[in-house]
file target.cif (mmCIF, C-alpha atoms and all ligand atoms)
data_my_file
#
loop_
_atom_site.label_atom_id
_atom_site.label_comp_id
_atom_site.auth_asym_id
_atom_site.auth_seq_id
_atom_site.Cartn_x
_atom_site.Cartn_y
_atom_site.Cartn_z
CA MET T 1 100.08 100.15 119.65
CA ILE T 2 97.67 97.80 117.89
CA VAL T 3 94.17 97.11 119.14
CA VAL T 4 92.47 94.00 117.85
CA MET T 5 88.71 94.34 118.23
CA ALA T 6 86.59 91.32 119.16
CA ARG T 7 84.96 89.55 116.22
CA ASP T 8 81.49 90.71 117.18
CA ALA T 9 82.42 94.32 118.07
CA THR T 10 79.74 96.75 116.91
CA PRO T 11 80.43 99.99 115.00
CA ASP T 12 79.67 101.94 118.20
CA GLN T 13 82.23 99.93 120.15
CA ILE T 14 84.81 100.45 117.43
CA ARG T 15 84.10 104.18 117.52
CA ASP T 16 84.45 104.13 121.30
CA VAL T 17 87.98 102.70 121.06
CA GLU T 18 88.92 105.16 118.32
CA GLU T 19 87.68 108.07 120.41
CA ARG T 20 89.61 106.94 123.47
CA ILE T 21 92.83 106.83 121.43
CA LEU T 22 92.13 110.20 119.82
CA GLY T 23 91.34 111.56 123.28
CA TRP T 24 94.81 110.54 124.46
CA GLY T 25 96.15 112.64 121.60
CA TYR T 26 97.25 109.95 119.16
CA ALA T 27 96.44 109.20 115.54
CA VAL T 28 94.25 106.22 114.68
CA HIS T 29 94.64 103.96 111.64
CA PRO T 30 91.71 101.59 111.55
CA ILE T 31 91.66 98.62 109.21
CA TYR T 32 88.14 97.35 108.76
CA GLY T 33 88.64 93.70 107.80
CA THR T 34 85.96 91.24 106.79
CA GLU T 35 86.43 89.26 110.01
CA ARG T 36 87.47 91.90 112.48
CA THR T 37 88.64 95.45 112.84
CA VAL T 38 92.16 96.28 113.87
CA ILE T 39 93.05 99.76 115.05
CA GLY T 40 96.58 101.08 114.95
CA ALA T 41 97.38 103.86 117.42
CA VAL T 42 100.36 105.79 116.19
CA GLY T 43 102.61 108.09 118.20
CA VAL T 44 101.97 106.72 121.68
CA PRO T 45 105.04 107.40 123.87
CA GLU T 46 106.62 104.33 125.49
CA ALA T 47 106.00 105.73 128.97
CA ASP T 48 102.22 105.86 128.52
CA LYS T 49 101.78 102.62 126.64
CA ALA T 50 101.38 100.19 129.51
CA THR T 51 98.54 102.18 131.09
CA TYR T 52 96.65 102.53 127.83
CA LEU T 53 97.13 98.89 126.88
CA GLU T 54 95.70 97.84 130.21
CA GLN T 55 92.69 100.14 129.89
CA LEU T 56 91.90 98.87 126.41
CA GLU T 57 92.32 95.20 127.26
CA ARG T 58 89.78 95.60 130.05
CA LEU T 59 87.03 96.35 127.50
CA GLU T 60 85.10 93.21 126.61
CA TYR T 61 84.86 94.21 122.95
CA VAL T 62 88.66 94.36 122.64
CA GLU T 63 90.33 91.04 121.96
CA SER T 64 93.87 92.21 122.54
CA ALA T 65 96.01 95.32 122.65
CA ILE T 66 99.70 95.07 121.88
CA GLY T 67 102.52 97.54 122.07
CA ILE T 68 104.89 97.33 119.12
CA ILE T 69 108.03 99.42 119.23
CA ARG T 70 109.16 98.80 115.67
CA PRO T 71 108.63 101.51 113.04
CA TYR T 72 106.35 99.08 111.19
CA LYS T 73 103.48 97.45 113.01
CA PHE T 74 100.96 95.67 110.82
CA VAL T 75 103.66 93.81 108.88
CA SER T 76 105.47 92.64 112.00
CA ARG T 77 105.51 89.10 113.40
CA GLU T 78 104.46 90.54 116.74
CA PHE T 79 101.22 91.65 115.15
CA GLN T 80 100.54 88.28 113.50
CA ARG T 81 102.39 85.09 114.37
CA GLU T 82 101.34 82.92 111.41
CA THR T 83 102.72 83.68 107.98
CA THR T 84 100.17 85.41 105.78
CA ARG T 85 98.79 83.21 103.03
CA VAL T 86 98.14 84.94 99.76
CA THR T 87 95.82 83.07 97.42
CA VAL T 88 96.11 83.58 93.68
CA GLY T 89 93.90 81.35 91.55
CA ASP T 90 94.46 77.89 93.00
CA VAL T 91 97.92 78.70 94.36
CA THR T 92 98.65 79.61 97.97
CA ILE T 93 101.79 81.59 98.72
CA GLY T 94 103.04 81.53 102.30
CA GLY T 95 101.97 77.97 103.14
CA ASP T 96 104.09 74.80 103.11
CA GLY T 97 104.63 74.97 99.38
CA VAL T 98 107.34 76.89 97.58
CA VAL T 99 105.71 78.66 94.65
CA MET T 100 107.32 79.26 91.27
CA MET T 101 106.57 82.30 89.12
CA ALA T 102 108.28 82.52 85.77
CA GLY T 103 108.18 84.12 82.35
CA PRO T 104 109.91 86.69 80.22
CA CYS T 105 111.34 89.92 81.60
CA THR T 106 109.14 91.81 79.19
CA VAL T 107 106.19 90.85 77.03
CA GLU T 108 107.45 90.93 73.43
CA SER T 109 104.67 89.26 71.45
CA TYR T 110 101.70 86.96 71.90
CA GLU T 111 103.53 84.04 70.28
CA LEU T 112 106.68 84.25 72.40
CA THR T 113 104.73 84.78 75.62
CA LEU T 114 102.44 81.85 74.84
CA ALA T 115 105.41 79.60 74.01
CA THR T 116 107.03 80.28 77.39
CA ALA T 117 103.70 80.04 79.23
CA LYS T 118 102.96 76.61 77.74
CA ALA T 119 106.47 75.35 78.47
CA ILE T 120 106.46 76.39 82.13
CA ARG T 121 102.85 75.36 82.61
CA ALA T 122 103.87 71.84 81.62
CA MET T 123 106.42 71.97 84.48
CA GLY T 124 103.66 72.77 86.98
CA VAL T 125 104.05 76.57 87.14
CA ASN T 126 100.75 78.43 87.50
CA ILE T 127 101.91 82.04 87.72
CA LEU T 128 103.25 83.77 84.62
CA ARG T 129 105.41 86.87 84.91
CA GLY T 130 105.94 89.45 82.16
CA GLY T 131 106.44 93.20 82.13
CA ALA T 132 104.16 95.43 80.08
CA PHE T 133 105.26 98.69 81.71
CA LYS T 134 109.03 98.48 82.11
CA PRO T 135 111.08 100.75 84.36
CA CYS T 136 114.25 101.53 82.42
CA THR T 137 117.42 103.27 83.47
CA SER T 138 117.82 104.59 79.93
CA PRO T 139 114.98 106.57 78.39
CA TYR T 140 116.20 105.26 75.01
CA SER T 141 115.65 101.59 75.75
CA PHE T 142 112.42 99.64 75.17
CA GLN T 143 109.80 100.78 77.66
CA GLY T 144 107.40 97.85 77.27
CA LEU T 145 104.26 97.37 75.19
CA GLY T 146 102.02 99.06 77.77
CA VAL T 147 98.32 98.22 77.52
CA GLU T 148 98.99 96.09 74.44
CA GLY T 149 101.30 93.99 76.63
CA LEU T 150 98.54 93.65 79.23
CA ARG T 151 96.14 92.41 76.52
CA ILE T 152 98.69 89.82 75.44
CA LEU T 153 99.07 88.65 79.03
CA ARG T 154 95.32 88.30 79.36
CA SER T 155 95.03 86.29 76.12
CA VAL T 156 97.83 83.99 77.25
CA SER T 157 96.17 83.63 80.64
CA GLN T 158 92.90 82.66 78.94
CA ALA T 159 94.69 80.16 76.70
CA THR T 160 96.62 78.49 79.52
CA GLY T 161 94.61 79.13 82.70
CA MET T 162 97.67 80.75 84.32
CA SER T 163 97.57 83.71 86.72
CA ILE T 164 99.48 86.84 85.77
CA ILE T 165 101.99 88.98 87.65
CA THR T 166 103.03 92.24 86.02
CA GLU T 167 104.50 95.54 87.11
CA VAL T 168 102.60 98.75 87.77
CA MET T 169 104.72 101.91 87.82
CA ASP T 170 102.24 104.74 88.01
CA PRO T 171 99.44 105.30 90.54
CA ARG T 172 97.23 106.41 87.63
CA ASN T 173 97.57 102.95 86.05
CA VAL T 174 96.75 100.84 89.10
CA GLU T 175 93.12 100.44 88.09
CA THR T 176 93.93 99.45 84.51
CA VAL T 177 96.72 97.02 85.42
CA SER T 178 94.45 95.50 88.08
CA GLU T 179 91.92 94.62 85.38
CA TYR T 180 94.49 92.43 83.63
CA ALA T 181 96.77 91.19 86.40
CA ASP T 182 96.28 88.83 89.32
CA ILE T 183 99.33 90.17 91.18
CA LEU T 184 100.70 93.71 90.96
CA GLN T 185 104.49 93.96 91.01
CA ILE T 186 106.08 97.07 92.46
CA GLY T 187 109.60 97.30 91.09
CA THR T 188 112.77 98.05 92.97
CA ARG T 189 112.88 101.64 91.68
CA ASN T 190 109.39 102.30 93.03
CA MET T 191 109.72 100.80 96.48
CA GLN T 192 109.52 104.24 98.03
CA ASN T 193 106.94 105.69 95.64
CA TYR T 194 104.52 106.37 98.45
CA ASP T 195 101.64 107.50 96.23
CA LEU T 196 101.90 104.21 94.35
CA LEU T 197 102.06 102.22 97.60
CA ARG T 198 98.97 104.01 98.91
CA GLU T 199 97.12 103.38 95.64
CA VAL T 200 97.78 99.62 95.56
CA GLY T 201 96.88 99.60 99.27
CA ARG T 202 93.42 100.91 98.40
CA GLY T 203 92.99 98.15 95.80
CA ARG T 204 92.38 94.47 96.37
CA ARG T 205 94.96 92.86 94.09
CA PRO T 206 97.81 91.03 95.83
CA VAL T 207 101.05 93.00 95.68
CA LEU T 208 104.63 91.79 95.21
CA LEU T 209 106.81 94.51 96.70
CA LYS T 210 110.38 94.35 95.54
CA ARG T 211 113.13 95.59 97.79
CA GLY T 212 114.68 98.86 96.69
CA MET T 213 118.21 98.15 95.48
CA TRP T 214 119.43 100.67 98.05
CA ALA T 215 116.90 99.93 100.77
CA LYS T 216 117.53 98.73 104.28
CA ILE T 217 115.26 95.92 105.49
CA GLU T 218 113.55 98.33 107.85
CA GLU T 219 112.77 100.75 105.02
CA TRP T 220 111.41 97.90 102.91
CA LEU T 221 109.12 96.76 105.70
CA GLN T 222 107.91 100.32 106.24
CA ALA T 223 107.09 100.50 102.52
CA ALA T 224 105.00 97.32 102.93
CA GLU T 225 103.31 98.95 105.93
CA TYR T 226 101.94 101.65 103.60
CA VAL T 227 100.11 99.00 101.58
CA LEU T 228 98.68 97.28 104.64
CA LEU T 229 97.60 100.59 106.13
CA GLY T 230 95.54 101.16 103.00
CA GLY T 231 93.62 97.99 103.86
CA ASN T 232 95.28 95.56 101.44
CA HIS T 233 96.91 92.75 103.44
CA ASP T 234 97.86 90.55 100.50
CA VAL T 235 101.46 91.66 100.26
CA MET T 236 104.51 89.58 99.36
CA LEU T 237 108.04 90.85 99.79
CA CYS T 238 110.59 90.17 97.07
CA GLU T 239 114.37 90.20 97.56
CA ARG T 240 115.87 91.03 94.15
CA GLY T 241 119.41 92.00 95.02
CA ILE T 242 120.99 95.16 96.30
CA ARG T 243 123.79 97.38 95.09
CA THR T 244 127.17 96.64 96.54
CA PHE T 245 130.77 97.23 95.44
CA GLU T 246 130.61 94.01 93.42
CA THR T 247 130.37 94.41 89.65
CA HIS T 248 130.74 90.80 88.50
CA THR T 249 127.09 90.29 89.37
CA ARG T 250 124.44 92.88 88.45
CA ASN T 251 123.24 92.96 92.06
CA THR T 252 124.08 91.08 95.24
CA LEU T 253 121.20 88.77 96.07
CA ASP T 254 120.88 89.28 99.81
CA LEU T 255 119.71 85.93 101.12
CA SER T 256 120.29 87.00 104.69
CA ALA T 257 117.44 89.43 104.08
CA VAL T 258 115.18 86.50 103.16
CA ALA T 259 115.91 84.86 106.51
CA ALA T 260 115.68 88.16 108.40
CA VAL T 261 112.37 89.16 106.89
CA ARG T 262 110.86 85.80 107.82
CA GLU T 263 111.78 86.55 111.42
CA LEU T 264 110.59 90.13 111.42
CA SER T 265 107.43 89.89 109.34
CA HIS T 266 104.52 87.56 108.66
CA LEU T 267 104.47 88.47 104.97
CA PRO T 268 105.57 85.76 102.52
CA VAL T 269 108.96 86.36 100.92
CA ILE T 270 109.88 85.67 97.32
CA ALA T 271 113.39 85.68 95.83
CA ASP T 272 114.33 86.88 92.35
CA PRO T 273 117.65 85.27 91.39
CA SER T 274 117.38 86.71 87.86
CA GLN T 275 117.63 90.42 88.75
CA GLY T 276 119.59 89.25 91.80
CA THR T 277 122.57 88.00 89.78
CA GLY T 278 122.13 89.36 86.25
CA ARG T 279 123.77 86.16 84.93
CA TRP T 280 121.83 83.16 83.65
CA SER T 281 124.54 80.73 84.74
CA LEU T 282 124.13 81.75 88.39
CA VAL T 283 120.33 81.63 88.50
CA PRO T 284 119.89 77.88 89.29
CA ALA T 285 122.36 77.89 92.20
CA MET T 286 120.83 81.02 93.74
CA ALA T 287 117.32 79.62 93.23
CA ARG T 288 118.28 76.56 95.29
CA ALA T 289 120.00 78.71 97.89
CA ALA T 290 116.96 80.99 98.23
CA ILE T 291 114.70 78.01 98.92
CA ALA T 292 117.17 76.74 101.51
CA ALA T 293 117.15 80.20 103.13
CA GLY T 294 113.38 80.01 103.53
CA ALA T 295 111.90 81.78 100.51
CA ASP T 296 108.21 81.05 100.00
CA GLY T 297 108.61 81.37 96.27
CA LEU T 298 110.83 82.29 93.37
CA ILE T 299 110.31 84.59 90.41
CA ILE T 300 112.49 83.71 87.45
CA GLU T 301 113.05 85.12 83.97
CA VAL T 302 112.58 82.54 81.23
CA HIS T 303 112.74 83.12 77.48
CA PRO T 304 112.61 80.74 74.47
CA GLU T 305 115.78 82.32 73.05
CA PRO T 306 117.51 84.47 75.67
CA ALA T 307 120.10 85.70 73.16
CA LYS T 308 117.29 87.38 71.24
CA ALA T 309 115.38 88.75 74.25
CA ILE T 310 114.61 92.48 74.08
CA LYS T 311 115.39 92.89 77.77
CA ASP T 312 117.46 91.04 80.36
CA GLY T 313 118.58 88.28 77.99
CA ALA T 314 121.83 87.88 79.94
CA GLN T 315 119.95 86.75 83.03
CA SER T 316 117.11 84.85 81.32
CA ILE T 317 117.22 81.07 81.14
CA THR T 318 115.87 78.80 78.39
CA HIS T 319 112.83 76.59 78.80
CA GLU T 320 115.14 73.57 79.11
CA ALA T 321 117.30 75.24 81.75
CA PHE T 322 114.17 76.17 83.67
CA ALA T 323 113.00 72.54 83.62
CA ALA T 324 116.38 71.48 85.05
CA LEU T 325 116.18 74.25 87.67
CA VAL T 326 112.77 73.07 88.83
CA ASP T 327 114.02 69.48 89.12
CA ALA T 328 117.05 70.62 91.11
CA CYS T 329 114.96 72.79 93.44
CA ARG T 330 112.53 70.00 94.36
CA PRO T 331 114.88 68.02 96.65
CA VAL T 332 116.06 71.25 98.32
CA ALA T 333 112.48 72.14 99.24
CA GLU T 334 111.91 68.61 100.52
CA ALA T 335 115.10 68.70 102.58
CA ILE T 336 113.65 71.58 104.62
CA GLY T 337 110.22 70.01 104.97
CA ARG T 338 108.53 71.86 102.15
CA ARG T 339 107.48 70.98 98.63
CA LEU T 340 107.53 72.71 95.29
CA THR T 341 104.07 73.67 94.04
C1 LIG N 1 111.81 92.84 86.46
O1 LIG N 1 111.25 92.03 87.23
O2 LIG N 1 112.00 92.63 85.27
C2 LIG N 1 112.30 94.10 87.05
C3 LIG N 1 112.44 95.20 86.33
O3 LIG N 1 112.56 93.99 88.37
P1 LIG N 1 113.28 95.01 89.39
O4 LIG N 1 112.27 96.06 89.68
O5 LIG N 1 113.61 94.13 90.54
O6 LIG N 1 114.52 95.53 88.70
MN MN N 2 113.94 91.94 84.14
#

call {"tool": "encode", "arguments": {"input": "target.cif", "output": "structure tokens", "more": "lines below"}}
Ligand code: PEP
Ligand code: MN
result
Amino acid sequence: MIVVMARDATPDQIRDVEERILGWGYAVHPIYGTERTVIGAVGVPEADKATYLEQLERLEYVESAIGIIRPYKFVSREFQRETTRVTVGDVTIGGDGVVMMAGPCTVESYELTLATAKAIRAMGVNILRGGAFKPCTSPYSFQGLGVEGLRILRSVSQATGMSIITEVMDPRNVETVSEYADILQIGTRNMQNYDLLREVGRGRRPVLLKRGMWAKIEEWLQAAEYVLLGGNHDVMLCERGIRTFETHTRNTLDLSAVAAVRELSHLPVIADPSQGTGRWSLVPAMARAAIAAGADGLIIEVHPEPAKAIKDGAQSITHEAFAALVDACRPVAEAIGRRLT
């Protein structure tokens, strides 16, 4: 059950609603927004809901009270009809535009990162990706440059005016990464790291939450719910492929999940055809397909010389291939009434 307080509700009135809910024996999860307060009542049995909803709606300081049966509430379309718009620099994600984010899998050096940033910037991309803390299956492979990588990203951002998206893996690093990044990426392996989700929920940086490679859509949306419950509503979901029996591709990019999540949730959805396929030759086709399926944006791995990339070279595309990809995506976006930003 979600109770949306009136815009001008006073602290006493908010407390009154919270106490009523607590009095009925349920837990309250208030979110004190800048415009209004929303109170989640968790654990209310179906049988009692109608009575309570009616009682709450009768209060003049309650705007609406809604019963939501799904295991996630604040991320659901029932809770909010319009797609959430996340603003990063001068880019809006979740509006009419389809937003491109691109850059190397991992930050290798200032020079290489700057070269890619300048190339993609010239193609109209304003959000630069690049991992500084890398989650690796093998403890022997390159783990990222860490804080040095964050410093490089900041310098490149200052030189180009681009916003930065980079991964945070550890709740203890959320504060540090937030100083350098405009968007915090939660990787597939950390989708159910609840301490990390809670920590980014307490912060104010927009979050890109990747789908766990094993995760059901419902589990993914519940993971997003953790972040919203912390008070941070700037969450984007990212489909990056799931594990299936197929081995030709690194993962199976689940585009039905892109369409499903748009139905179920108001959060913008991004597709990652790079991790999603693991093969550079498949990235352009899946980028176009993701836009057609309704993705609000794409995140793509680009490298000046993929054959020499430290990580994910097999799925990274050259600057030239990225330019061609952008040109090929434009008419697809327009065909469904959107535009590439
Ligand atoms: C990445 O974006 O380079 C990455 C490691 O992503 P994922 O968590 O989806 O594997
Ligand atoms: Mn990668």

call {"tool": "residues_near_ligand", "arguments": {"input": "target.cif", "ligand": "ligand LIG 1 (chain N)", "cutoff": "7 Å", "atoms": "only C-alpha atoms and all ligand atoms", "output": "list in words"}}
result
Cys105, Thr106, Gly131, Lys134, Pro135, Ile186, Gly187, Thr188, Arg189, Lys210, Arg240 and Gln275 of chain T

call {"tool": "atom_distance", "arguments": {"input": "target.cif", "atom1": "CA of Glu63 (chain T)", "atom2": "CA of Thr37 (chain T)"}}
result
10.3 Å

call {"tool": "atom_distance", "arguments": {"input": "target.cif", "atom1": "CA of Val4 (chain T)", "atom2": "CA of Ile66 (chain T)"}}
result
8.3 Å

call {"tool": "residues_near_ligand", "arguments": {"input": "target.cif", "ligand": "ligand MN 2 (chain N)", "cutoff": "12 Å", "atoms": "only C-alpha atoms and all ligand atoms", "output": "ChimeraX atom specification"}}
result
/T:102-107,129-137,142-144,166-167,185,187-188,240,250,272-280,299-303,306,309-317

call {"tool": "write_last_selection", "arguments": {"input": "target.cif", "atoms": "C-alpha atoms", "output": "mmCIF file, keeping the file's coordinate frame"}}
result
data_model
loop_
_atom_site.group_PDB
_atom_site.id
_atom_site.type_symbol
_atom_site.label_atom_id
_atom_site.label_comp_id
_atom_site.auth_asym_id
_atom_site.auth_seq_id
_atom_site.Cartn_x
_atom_site.Cartn_y
_atom_site.Cartn_z
ATOM 1 C CA ALA T 102 108.280 82.520 85.770
ATOM 2 C CA GLY T 103 108.180 84.120 82.350
ATOM 3 C CA PRO T 104 109.910 86.690 80.220
ATOM 4 C CA CYS T 105 111.340 89.920 81.600
ATOM 5 C CA THR T 106 109.140 91.810 79.190
ATOM 6 C CA VAL T 107 106.190 90.850 77.030
ATOM 7 C CA ARG T 129 105.410 86.870 84.910
ATOM 8 C CA GLY T 130 105.940 89.450 82.160
ATOM 9 C CA GLY T 131 106.440 93.200 82.130
ATOM 10 C CA ALA T 132 104.160 95.430 80.080
ATOM 11 C CA PHE T 133 105.260 98.690 81.710
ATOM 12 C CA LYS T 134 109.030 98.480 82.110
ATOM 13 C CA PRO T 135 111.080 100.750 84.360
ATOM 14 C CA CYS T 136 114.250 101.530 82.420
ATOM 15 C CA THR T 137 117.420 103.270 83.470
ATOM 16 C CA PHE T 142 112.420 99.640 75.170
ATOM 17 C CA GLN T 143 109.800 100.780 77.660
ATOM 18 C CA GLY T 144 107.400 97.850 77.270
ATOM 19 C CA THR T 166 103.030 92.240 86.020
ATOM 20 C CA GLU T 167 104.500 95.540 87.110
ATOM 21 C CA GLN T 185 104.490 93.960 91.010
ATOM 22 C CA GLY T 187 109.600 97.300 91.090
ATOM 23 C CA THR T 188 112.770 98.050 92.970
ATOM 24 C CA ARG T 240 115.870 91.030 94.150
ATOM 25 C CA ARG T 250 124.440 92.880 88.450
ATOM 26 C CA ASP T 272 114.330 86.880 92.350
ATOM 27 C CA PRO T 273 117.650 85.270 91.390
ATOM 28 C CA SER T 274 117.380 86.710 87.860
ATOM 29 C CA GLN T 275 117.630 90.420 88.750
ATOM 30 C CA GLY T 276 119.590 89.250 91.800
ATOM 31 C CA THR T 277 122.570 88.000 89.780
ATOM 32 C CA GLY T 278 122.130 89.360 86.250
ATOM 33 C CA ARG T 279 123.770 86.160 84.930
ATOM 34 C CA TRP T 280 121.830 83.160 83.650
ATOM 35 C CA ILE T 299 110.310 84.590 90.410
ATOM 36 C CA ILE T 300 112.490 83.710 87.450
ATOM 37 C CA GLU T 301 113.050 85.120 83.970
ATOM 38 C CA VAL T 302 112.580 82.540 81.230
ATOM 39 C CA HIS T 303 112.740 83.120 77.480
ATOM 40 C CA PRO T 306 117.510 84.470 75.670
ATOM 41 C CA ALA T 309 115.380 88.750 74.250
ATOM 42 C CA ILE T 310 114.610 92.480 74.080
ATOM 43 C CA LYS T 311 115.390 92.890 77.770
ATOM 44 C CA ASP T 312 117.460 91.040 80.360
ATOM 45 C CA GLY T 313 118.580 88.280 77.990
ATOM 46 C CA ALA T 314 121.830 87.880 79.940
ATOM 47 C CA GLN T 315 119.950 86.750 83.030
ATOM 48 C CA SER T 316 117.110 84.850 81.320
ATOM 49 C CA ILE T 317 117.220 81.070 81.140
#

call {"tool": "residues_near_point", "arguments": {"input": "target.cif", "point": "(104.9, 100.0, 126.0)", "cutoff": "8 Å", "atoms": "all atoms listed in the file", "output": "PDB file with C-alpha atoms, in the frame of the given file"}}
result
ATOM      1  CA  MET T   1     100.080 100.150 119.650  1.00  0.00           C
ATOM      2  CA  PRO T  45     105.040 107.400 123.870  1.00  0.00           C
ATOM      3  CA  GLU T  46     106.620 104.330 125.490  1.00  0.00           C
ATOM      4  CA  ALA T  47     106.000 105.730 128.970  1.00  0.00           C
ATOM      5  CA  ASP T  48     102.220 105.860 128.520  1.00  0.00           C
ATOM      6  CA  LYS T  49     101.780 102.620 126.640  1.00  0.00           C
ATOM      7  CA  ALA T  50     101.380 100.190 129.510  1.00  0.00           C
ATOM      8  CA  LEU T  53      97.130  98.890 126.880  1.00  0.00           C
ATOM      9  CA  GLY T  67     102.520  97.540 122.070  1.00  0.00           C
ATOM     10  CA  ILE T  68     104.890  97.330 119.120  1.00  0.00           C
ATOM     11  CA  ILE T  69     108.030  99.420 119.230  1.00  0.00           C
TER      12      ILE T  69
END

call {"tool": "residues_around", "arguments": {"input": "target.cif", "residues": "Arg288 (chain T)", "least_positions_apart": "5", "cutoff": "8 Å", "atoms": "only C-alpha atoms", "output": "ChimeraX atom specification"}}
result
/T:328-329,332

call {"tool": "decode", "arguments": {"input": "target.cif", "residues": "region 238-283 of chain T", "atoms": "C-alpha atoms", "output": "compact mmCIF listing (two decimals), in the first residue's frame"}}
result
# COMPACT_ATOMS: atom_id res chain seq x y z
CA CYS T 238 20.09 -1.91 -17.68
CA GLU T 239 19.53 -5.16 -19.58
CA ARG T 240 22.99 -6.60 -20.27
CA GLY T 241 22.22 -10.18 -21.19
CA ILE T 242 21.51 -13.29 -19.19
CA ARG T 243 23.05 -16.72 -19.03
CA THR T 244 21.40 -19.31 -21.20
CA PHE T 245 22.50 -22.58 -22.81
CA GLU T 246 23.90 -20.61 -25.74
CA THR T 247 27.68 -20.32 -25.92
CA HIS T 248 28.13 -18.65 -29.31
CA THR T 249 27.28 -15.35 -27.65
CA ARG T 250 28.72 -14.40 -24.25
CA ASN T 251 25.22 -13.70 -22.93
CA THR T 252 21.73 -13.68 -24.40
CA LEU T 253 20.55 -10.08 -24.64
CA ASP T 254 16.98 -10.37 -23.42
CA LEU T 255 15.11 -7.72 -25.37
CA SER T 256 11.78 -9.05 -24.18
CA ALA T 257 12.90 -7.87 -20.75
CA VAL T 258 13.31 -4.34 -22.14
CA ALA T 259 9.70 -4.36 -23.32
CA ALA T 260 8.46 -6.04 -20.14
CA VAL T 261 10.21 -3.65 -17.81
CA ARG T 262 8.71 -0.67 -19.64
CA GLU T 263 5.30 -2.12 -18.90
CA LEU T 264 5.99 -2.99 -15.29
CA SER T 265 8.06 -0.03 -14.17
CA HIS T 266 8.37 3.71 -14.67
CA LEU T 267 12.16 3.56 -14.51
CA PRO T 268 14.05 4.25 -17.76
CA VAL T 269 15.65 1.18 -19.33
CA ILE T 270 19.04 1.04 -21.00
CA ALA T 271 20.41 -1.82 -23.12
CA ASP T 272 24.03 -2.98 -23.20
CA PRO T 273 24.60 -4.87 -26.46
CA SER T 274 28.34 -5.13 -25.72
CA GLN T 275 28.14 -7.36 -22.62
CA GLY T 276 24.87 -8.64 -24.12
CA THR T 277 26.56 -10.35 -27.07
CA GLY T 278 30.29 -10.42 -26.31
CA ARG T 279 30.96 -10.03 -30.06
CA TRP T 280 31.71 -6.70 -31.74
CA SER T 281 30.12 -7.81 -35.01
CA LEU T 282 26.73 -8.28 -33.33
CA VAL T 283 26.70 -5.01 -31.40
